[in-house]
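> This is the structure I have questions about; it appears just below.
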Amino acid sequence: MEEQNFSNHGRFVPLYHFFALPMLILNFGTQLYRWIHLGFSLAQFISVLVAAALFFGVLYARLFALAVQDRVIRLEEQLRYERVLPADLQARAGNLTIDQIVSLRFASDAELPALVRKVLDEKLEKRKAIKQLIKTWKPDYQRA
């Protein structure tokens with residue numbers, strides 16, 4: 001497995017991102033087109049609703065999984081903060097947002113205290129900006 005870093009840490013599941021979602025979007029578009037061009041019948045309207053339900057059902061299943069993953073990351077990082085951060089930063093760590101916590105999880109234990117201090121002091125919010133500050137990347141290969 002390739003060593004993980006900022007430039008390659010994004011997770012793409014080919015069957016999901018490049019097949020399932022595009023096919024569901026295409027199906028919704030096709031059903032909408034048929035409803036408009038073949039007449040506004042109840043059967044065609046139901047087909048549009050089913051296509052929309054399938055698309056949004058699959059999309060939300062993914063978003064819910066990511067939300068649960070973020071909550072688990074928050075819990076893991078809270079335990080890590082107790083072990084790694086000095087007392088003054090442990091007290092301030094409760095002020096970190098979920099986006100900041102999720103971004104900081106990639107920082108090595110050695111650089112975490114300085115990064116937490118910087119993120120809190122400078123009120124850095126953007127995940128990408130925080131991840132770009134990390135010099136020693138701690139990989140996470142078990143992401144949803």
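How things are named: the first chain in the structure tokens is A, the next is B, and so on; residues count from 1 in each chain; ligands count from 1 in the order shown.
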Residues at most 10 Å from A:Thr30, counting only C-alpha atoms, excluding those fewer than 5 positions away in the same chain, as a ChimeraX atom specification?
/A:24-25,35-36,47-48,51
> Please provide as a ChimeraX atom specification all residues within 8 Å of stretch 68-70 of chain A, with the sequence filter that same-chain residues fewer than 5 positions apart are discarded (counting only C-alpha atoms).
/A:98,102,143-144
> When distances are computed from only C-alpha atoms, which of A:Tyr16, A:Ile134, A:Arg92, A:Leu21 shows the smallest separation from A:Glu111?
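The closest residue to A:Glu111 is A:Ile134.
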> Just how far from atom CA of A:Gln4 is atom CA of A:Val72, in Å to one decimal?
20.1 Å
> As number ranges by chain, please: every residue in stretch 31-106 of chain A that a backbone DSSP assignment puts in alpha helix (DSSP H).
A: 31-37, 42-84, 87-92, 98-104
> Measuring between only C-alpha atoms, which one of A:Arg74, A:Arg62, A:His9, A:Lys135 shows the shortest distance to A:Ala93?
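Closest to A:Ala93 of all the choices is A:Arg74.
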> Residues at most 8 Å from stretch 81-84 of chain A, counting only C-alpha atoms, excluding those fewer than 6 positions away in the same chain, as a PyMOL selection string?
chain A and resi 90+93+109+112-113
